[in-house]
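Shown next: model.txt, given as compact mmCIF, C-alpha atoms.
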```
# COMPACT_ATOMS: atom_id res chain seq x y z
CA MET Z 479 2.25 0.33 -14.04
CA MET Z 480 0.98 2.32 -16.99
CA GLU Z 481 1.03 6.09 -16.72
CA LEU Z 482 -1.64 7.31 -14.32
CA ALA Z 483 -3.30 9.54 -16.93
CA GLU Z 484 -3.69 6.58 -19.29
CA ALA Z 485 -4.94 4.33 -16.50
CA LEU Z 486 -7.55 6.87 -15.43
CA GLY Z 487 -8.77 7.11 -19.01
CA GLN Z 488 -9.20 3.34 -19.19
CA TRP Z 489 -10.93 3.11 -15.82
CA LEU Z 490 -13.29 5.94 -16.76
CA ALA Z 491 -14.11 4.33 -20.10
CA GLU Z 492 -14.91 1.08 -18.26
CA ASP Z 493 -17.43 2.95 -16.11
CA ILE Z 494 -18.99 5.17 -18.77
CA GLY Z 495 -19.36 2.67 -21.58
CA SER Z 496 -21.04 4.36 -24.55
CA GLY Z 497 -22.15 7.32 -22.40
CA ASP Z 498 -23.70 8.45 -19.13
CA VAL Z 499 -27.25 8.06 -20.39
CA THR Z 500 -28.88 9.47 -17.24
CA SER Z 501 -26.95 12.73 -17.18
CA LEU Z 502 -27.23 13.15 -20.94
CA ALA Z 503 -31.00 12.74 -20.72
CA VAL Z 504 -31.88 14.80 -17.65
CA VAL Z 505 -29.05 17.34 -17.13
CA GLU Z 506 -28.60 20.24 -19.54
CA GLU Z 507 -25.08 21.18 -20.56
CA ARG Z 508 -24.02 23.76 -17.99
CA ASP Z 509 -21.38 24.41 -15.35
CA CYS Z 510 -21.93 23.75 -11.68
CA ARG Z 511 -20.13 23.59 -8.37
CA ALA Z 512 -19.84 20.51 -6.20
CA THR Z 513 -18.10 19.47 -3.00
CA ILE Z 514 -16.55 16.18 -1.90
CA ARG Z 515 -16.90 15.38 1.77
CA GLY Z 516 -15.67 12.41 3.75
CA GLY Z 517 -13.89 10.94 6.72
CA PRO Z 518 -12.90 10.04 9.32
CA GLY Z 519 -9.55 8.55 8.35
CA THR Z 520 -6.16 9.19 6.77
CA LEU Z 521 -6.42 10.76 3.33
CA SER Z 522 -4.85 9.26 0.20
CA GLY Z 523 -5.55 9.41 -3.52
CA THR Z 524 -6.08 13.14 -4.00
CA GLY Z 525 -3.53 13.33 -6.81
CA ALA Z 526 -5.32 10.71 -8.87
CA MET Z 527 -8.68 12.32 -8.12
CA ALA Z 528 -7.53 15.81 -9.09
CA LEU Z 529 -6.01 14.51 -12.34
CA LEU Z 530 -9.21 12.64 -13.18
CA PHE Z 531 -11.25 15.82 -12.88
CA ALA Z 532 -8.63 17.93 -14.67
CA GLN Z 533 -8.88 15.58 -17.65
CA GLY Z 534 -12.54 16.64 -17.89
CA GLY Z 535 -11.74 20.35 -17.63
CA ILE Z 536 -12.93 20.50 -14.02
CA SER Z 537 -11.10 22.57 -11.42
CA CYS Z 538 -10.45 20.76 -8.14
CA GLU Z 539 -9.49 22.81 -5.10
CA LEU Z 540 -8.26 20.61 -2.26
CA ALA Z 541 -8.72 21.46 1.41
CA PHE Z 542 -6.38 18.68 2.55
CA VAL Z 543 -3.37 16.79 1.20
CA ASP Z 544 -2.52 13.11 1.26
CA SER Z 545 -1.51 11.78 4.70
CA ASP Z 546 -3.69 14.36 6.48
CA THR Z 547 -5.99 13.07 9.21
CA LEU Z 548 -9.64 13.77 8.41
CA PRO Z 549 -12.36 14.27 10.99
CA ALA Z 550 -15.80 12.89 10.20
CA ASP Z 551 -17.74 14.35 7.24
CA VAL Z 552 -15.31 17.14 6.40
CA GLU Z 553 -15.09 19.01 3.09
CA VAL Z 554 -12.12 17.61 1.18
CA ALA Z 555 -12.44 19.30 -2.22
CA GLN Z 556 -14.44 21.86 -4.18
CA LEU Z 557 -15.16 21.24 -7.85
CA LYS Z 558 -16.21 23.60 -10.64
CA GLY Z 559 -16.90 22.70 -14.24
CA SER Z 560 -19.25 20.88 -16.58
CA ALA Z 561 -22.08 19.28 -14.65
CA ARG Z 562 -22.13 16.30 -16.98
CA GLU Z 563 -18.38 15.77 -16.65
CA ILE Z 564 -18.52 15.97 -12.86
CA LEU Z 565 -21.31 13.43 -12.69
CA ALA Z 566 -19.62 11.10 -15.16
CA ARG Z 567 -16.40 11.10 -13.10
CA GLU Z 568 -18.00 11.06 -9.66
CA ARG Z 569 -17.98 7.34 -8.96
CA LEU Z 570 -14.44 6.65 -10.13
CA ALA Z 571 -13.14 9.59 -8.08
CA LEU Z 572 -14.95 8.45 -4.94
CA ASN Z 573 -13.91 4.83 -5.42
CA LEU Z 574 -10.26 5.82 -5.59
CA LEU Z 575 -10.49 8.10 -2.55
CA ALA Z 576 -12.41 5.53 -0.50
CA HIS Z 577 -10.11 2.62 -1.31
CA LEU Z 578 -6.78 4.42 -1.01
CA SER Z 579 -7.78 6.33 2.11
CA GLY Z 580 -8.91 3.03 3.61
CA ILE Z 581 -5.44 1.60 3.09
CA ALA Z 582 -3.81 4.71 4.56
CA THR Z 583 -6.17 4.65 7.53
CA LEU Z 584 -5.51 1.00 8.34
CA THR Z 585 -1.77 1.56 7.95
CA THR Z 586 -1.90 4.49 10.38
CA ALA Z 587 -3.61 2.31 12.98
CA VAL Z 588 -1.13 -0.54 12.52
CA VAL Z 589 1.89 1.79 12.70
CA GLU Z 590 0.61 3.42 15.88
CA ARG Z 591 -0.11 0.06 17.50
CA ALA Z 592 3.25 -1.48 16.56
CA ARG Z 593 5.26 1.52 17.68
CA THR Z 594 3.79 1.43 21.15
CA ALA Z 595 5.90 -1.72 21.55
CA ASN Z 596 8.88 -0.76 19.36
CA PRO Z 597 9.18 2.91 18.32
CA ALA Z 598 11.77 2.04 15.65
CA VAL Z 599 9.88 -0.73 13.87
CA LYS Z 600 8.90 -0.23 10.21
CA ILE Z 601 5.57 -1.37 8.78
CA LEU Z 602 5.82 -2.52 5.16
CA ALA Z 603 3.41 -3.22 2.34
CA THR Z 604 3.88 -6.34 0.21
CA ARG Z 605 3.21 -7.23 -3.44
CA LYS Z 606 -0.29 -8.37 -2.46
CA THR Z 607 -1.88 -5.52 -4.38
CA THR Z 608 -4.76 -5.06 -6.80
CA PRO Z 609 -3.56 -5.47 -10.41
CA GLY Z 610 -3.21 -2.03 -11.97
CA LEU Z 611 -3.28 -0.23 -8.62
CA ARG Z 612 0.07 -1.22 -7.12
CA GLU Z 613 1.73 2.19 -7.19
CA LEU Z 614 -1.34 3.94 -5.80
CA GLU Z 615 -1.88 1.32 -3.09
CA LYS Z 616 1.79 1.32 -2.08
CA GLN Z 617 1.71 5.12 -1.89
CA ALA Z 618 -1.39 4.89 0.30
CA VAL Z 619 0.62 2.77 2.75
CA VAL Z 620 3.32 5.46 2.74
CA ASP Z 621 0.64 8.12 3.32
CA GLY Z 622 -0.42 6.14 6.37
CA GLY Z 623 3.08 6.14 7.81
CA GLY Z 624 4.29 2.81 6.47
CA GLY Z 625 6.88 1.81 3.90
CA THR Z 626 7.14 -0.53 0.98
CA HIS Z 627 8.68 -3.91 0.38
CA ARG Z 628 10.01 -4.37 -3.15
CA MET Z 629 7.76 -2.77 -5.76
CA ARG Z 630 8.33 -5.45 -8.41
CA LEU Z 631 10.26 -8.65 -8.92
CA ASP Z 632 13.20 -6.75 -10.42
CA ASP Z 633 14.14 -4.35 -7.63
CA ALA Z 634 15.30 -6.71 -4.85
CA PHE Z 635 16.02 -10.37 -4.25
CA LEU Z 636 13.55 -12.29 -2.12
CA VAL Z 637 14.54 -15.95 -1.91
CA LYS Z 638 11.40 -17.83 -0.87
CA ASP Z 639 10.56 -21.42 -0.01
CA ASN Z 640 9.77 -22.35 -3.61
CA HIS Z 641 13.14 -21.03 -4.78
CA LEU Z 642 14.86 -23.10 -2.12
CA ARG Z 643 13.05 -26.22 -3.27
CA LEU Z 644 14.61 -25.70 -6.69
CA CYS Z 645 18.20 -24.99 -5.66
CA SER Z 646 20.72 -26.81 -3.50
CA SER Z 647 20.78 -24.67 -0.35
CA VAL Z 648 20.21 -21.29 1.26
CA THR Z 649 23.94 -20.57 1.05
CA GLU Z 650 24.07 -21.38 -2.65
CA ALA Z 651 21.01 -19.22 -3.33
CA VAL Z 652 22.66 -16.25 -1.59
CA ARG Z 653 25.90 -16.76 -3.52
CA SER Z 654 24.10 -17.01 -6.85
CA ALA Z 655 22.06 -13.88 -6.19
CA ARG Z 656 25.12 -11.89 -5.12
CA ALA Z 657 26.97 -12.98 -8.24
CA ALA Z 658 24.08 -12.04 -10.51
CA GLN Z 659 23.36 -8.51 -9.21
CA PRO Z 660 25.43 -7.55 -6.18
CA GLU Z 661 23.91 -4.08 -5.94
CA LEU Z 662 20.41 -5.34 -5.11
CA GLU Z 663 19.13 -5.88 -1.58
CA LEU Z 664 19.03 -9.59 -0.75
CA VAL Z 665 16.30 -10.95 1.50
CA VAL Z 666 15.92 -14.63 2.40
CA GLU Z 667 12.66 -16.04 3.68
CA ALA Z 668 13.22 -18.56 6.48
CA ASP Z 669 10.70 -21.14 7.63
CA THR Z 670 12.95 -22.48 10.39
CA LEU Z 671 15.57 -21.23 12.80
CA GLU Z 672 18.18 -23.27 10.94
CA GLN Z 673 17.38 -21.52 7.66
CA ALA Z 674 17.51 -18.13 9.39
CA LEU Z 675 20.97 -18.87 10.79
CA GLU Z 676 22.25 -20.13 7.45
CA ALA Z 677 20.93 -17.04 5.63
CA ALA Z 678 22.54 -14.71 8.16
CA GLN Z 679 25.87 -16.52 7.98
CA ALA Z 680 25.76 -16.59 4.16
CA GLY Z 681 25.53 -12.79 4.04
CA ALA Z 682 21.88 -11.93 3.38
CA ASP Z 683 20.94 -8.30 4.01
CA ARG Z 684 17.71 -9.29 5.70
CA VAL Z 685 16.15 -12.49 6.98
CA LEU Z 686 12.36 -12.77 6.75
CA LEU Z 687 10.95 -15.01 9.45
CA ASP Z 688 7.81 -16.38 7.84
CA ASN Z 689 4.82 -17.56 9.88
CA PHE Z 690 6.77 -17.79 13.13
CA PRO Z 691 4.65 -17.76 16.30
CA VAL Z 692 5.58 -14.86 18.57
CA GLU Z 693 7.61 -17.04 20.95
CA GLU Z 694 9.61 -18.58 18.09
CA ALA Z 695 10.16 -15.17 16.48
CA ALA Z 696 11.52 -13.88 19.78
CA ALA Z 697 13.94 -16.82 19.92
CA ALA Z 698 15.00 -16.62 16.26
CA ALA Z 699 15.38 -12.86 15.85
CA PRO Z 700 18.71 -12.61 17.74
CA ALA Z 701 20.27 -15.05 15.29
CA GLY Z 702 20.96 -12.38 12.73
CA ARG Z 703 22.19 -9.67 15.07
CA PRO Z 704 25.85 -10.79 15.30
CA HIS Z 705 25.98 -10.74 11.47
CA GLY Z 706 24.38 -7.29 11.12
CA VAL Z 707 21.35 -8.78 9.37
CA ALA Z 708 17.99 -7.02 9.61
CA ILE Z 709 15.03 -9.10 10.78
CA GLU Z 710 11.67 -8.96 9.06
CA LEU Z 711 8.59 -10.71 10.40
CA SER Z 712 5.76 -11.71 8.08
CA GLY Z 713 2.97 -14.24 7.85
CA GLY Z 714 0.38 -14.52 10.59
CA LEU Z 715 0.65 -10.83 11.45
CA THR Z 716 -2.60 -8.94 11.90
CA PRO Z 717 -3.55 -5.43 13.00
CA GLU Z 718 -4.47 -6.99 16.34
CA ASN Z 719 -1.16 -8.75 17.08
CA VAL Z 720 1.47 -6.41 15.60
CA ALA Z 721 2.37 -5.06 19.04
CA ASP Z 722 3.24 -8.62 20.14
CA TYR Z 723 5.61 -9.07 17.18
CA ALA Z 724 7.04 -5.54 17.00
CA PRO Z 725 9.74 -5.93 19.69
CA HIS Z 726 11.31 -8.82 17.79
CA GLY Z 727 11.77 -7.34 14.30
CA ASP Z 728 13.24 -4.38 12.47
CA CYS Z 729 10.26 -4.43 10.13
CA LEU Z 730 6.88 -6.13 9.87
CA SER Z 731 5.22 -6.80 6.51
CA LEU Z 732 1.46 -7.27 6.25
CA GLY Z 733 -0.52 -8.15 3.14
CA VAL Z 734 -3.71 -7.09 4.88
CA LEU Z 735 -2.75 -3.43 4.50
CA THR Z 736 -3.54 -3.56 0.79
CA LEU Z 737 -5.87 -6.56 0.68
CA GLY Z 738 -8.05 -6.06 3.75
CA ALA Z 739 -8.57 -2.35 4.37
CA SER Z 740 -12.14 -1.11 4.74
CA PRO Z 741 -12.97 1.96 2.61
CA VAL Z 742 -13.36 5.42 4.05
CA ASN Z 743 -16.71 7.02 3.28
CA PHE Z 744 -16.78 9.89 0.76
CA GLY Z 745 -19.63 11.58 -1.09
CA LEU Z 746 -19.99 14.18 -3.83
CA HIS Z 747 -22.74 16.80 -3.56
CA VAL Z 748 -23.74 19.36 -6.19
CA ASP Z 749 -24.11 22.77 -4.60
```

Can you turn what I pasted into structure tokens?
Amino acid sequence: MMELAEALGQWLAEDIGSGDVTSLAVVEERDCRATIRGGPGTLSGTGAMALLFAQGGISCELAFVDSDTLPADVEVAQLKGSAREILARERLALNLLAHLSGIATLTTAVVERARTANPAVKILATRKTTPGLRELEKQAVVDGGGGTHRMRLDDAFLVKDNHLRLCSSVTEAVRSARAAQPELELVVEADTLEQALEAAQAGADRVLLDNFPVEEAAAAAPAGRPHGVAIELSGGLTPENVADYAPHGDCLSLGVLTLGASPVNFGLHVD
């Protein structure tokens, strides 16, 4: 991901175009104060928001920090600076807060639900993220109490079904990966119990049981235990059924955390 400051500049330019014609026409150049209010939910994105305003010479005093739980319609930040700059940056700031806090809020709910069934289970984000927003969206999951799968293709092995169609076997894929970069975590996605057993016996660090019904996941999960292999469950998991799957895995990964979260409501009001 590009540096956040550079990204914010590009996103702001996309929104402003050649200029905020409304503010330039009807608002005289002067300073003002404004507040941002929002909630309920789990807060995320305040760092990006504060930097966005700072780039316009606007002070941003936060009343909460990321991962805090917000009640409904609470004051989150106070702003002071150029009225035109505040208005020009308003929508981008609120979009980021709404989207990222939505991810954090959904993650909080999923973590709480899963841990009622397995207090030790980890909830993970995937690479199903919005282009350009991966680091912010992954951090929002962390703010909500979750964790992250690999950030990029270069920081862990994940041998998937398409890889296995292009190589001779699960065992050979594990051997090749170990030989290439032995220091990286090695995860093998299994579509069947047989693949899960082979991956565990071959020495994978983690076996990902993909799209297993709950009953099959319960039967397959013990396969890796004698080999010290962690079990991840993914595919078919939803916020509604995570408690059913949680007892059978060390971690659960859900693309919906970053792809399906509803935004949290925020608004900016000039005092």

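We find atom CA of Thr670 of chain Z and atom CA of Leu687 of chain Z to be spaced 7.8 Å apart.
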
Do a neighbour search on Ser712 of chain Z at 8 Å with all atoms listed in the file, toss out local chain neighbours closer than 4 positions, and write the hits as a VMD selection string. chain Z and resid 686 to 690 730 to 732

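Between atom CA of Phe744 of chain Z and atom CA of Arg605 of chain Z the separation is 26.7 Å.
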
Using all atoms listed in the file, I'd like a table of the residues in segment 519-577 of chain Z that come within 10 Å of segment 612-625 of chain Z; for each, show the closest atom pair and its distance in Å rounded to one decimal, ordered by chain and ascending number, as a tab-separated table.
```
residue	atom	partner	partner_atom	distance
Z:Gly519	CA	Z:Gly622	CA	9.6
Z:Thr520	CA	Z:Gly622	CA	6.5
Z:Leu521	CA	Z:Asp621	CA	7.5
Z:Ser522	CA	Z:Ala618	CA	5.6
Z:Gly523	CA	Z:Ala618	CA	7.2
Z:Gly525	CA	Z:Leu614	CA	9.7
Z:Ala526	CA	Z:Leu614	CA	8.4
Z:Val543	CA	Z:Asp621	CA	9.8
Z:Asp544	CA	Z:Asp621	CA	6.3
Z:Ser545	CA	Z:Asp621	CA	4.5
Z:Asp546	CA	Z:Asp621	CA	8.2
Z:Thr547	CA	Z:Gly622	CA	9.3
Z:Leu574	CA	Z:Leu614	CA	9.1
Z:His577	CA	Z:Glu615	CA	8.5
```

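As for atom CA of Val588 of chain Z and atom CA of Gly516 of chain Z, they are spaced 21.4 Å apart.
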
Using all atoms listed in the file, which of Z:Gly487, Z:Gly497, Z:Pro609, Z:Gly517 sits nearest Gly745 of chain Z? Z:Gly517

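Nearest to His627 of chain Z of all the residues Z:Ile581, Z:Cys729, Z:Val599, Z:Leu570 is Z:Cys729, counting only C-alpha atoms.
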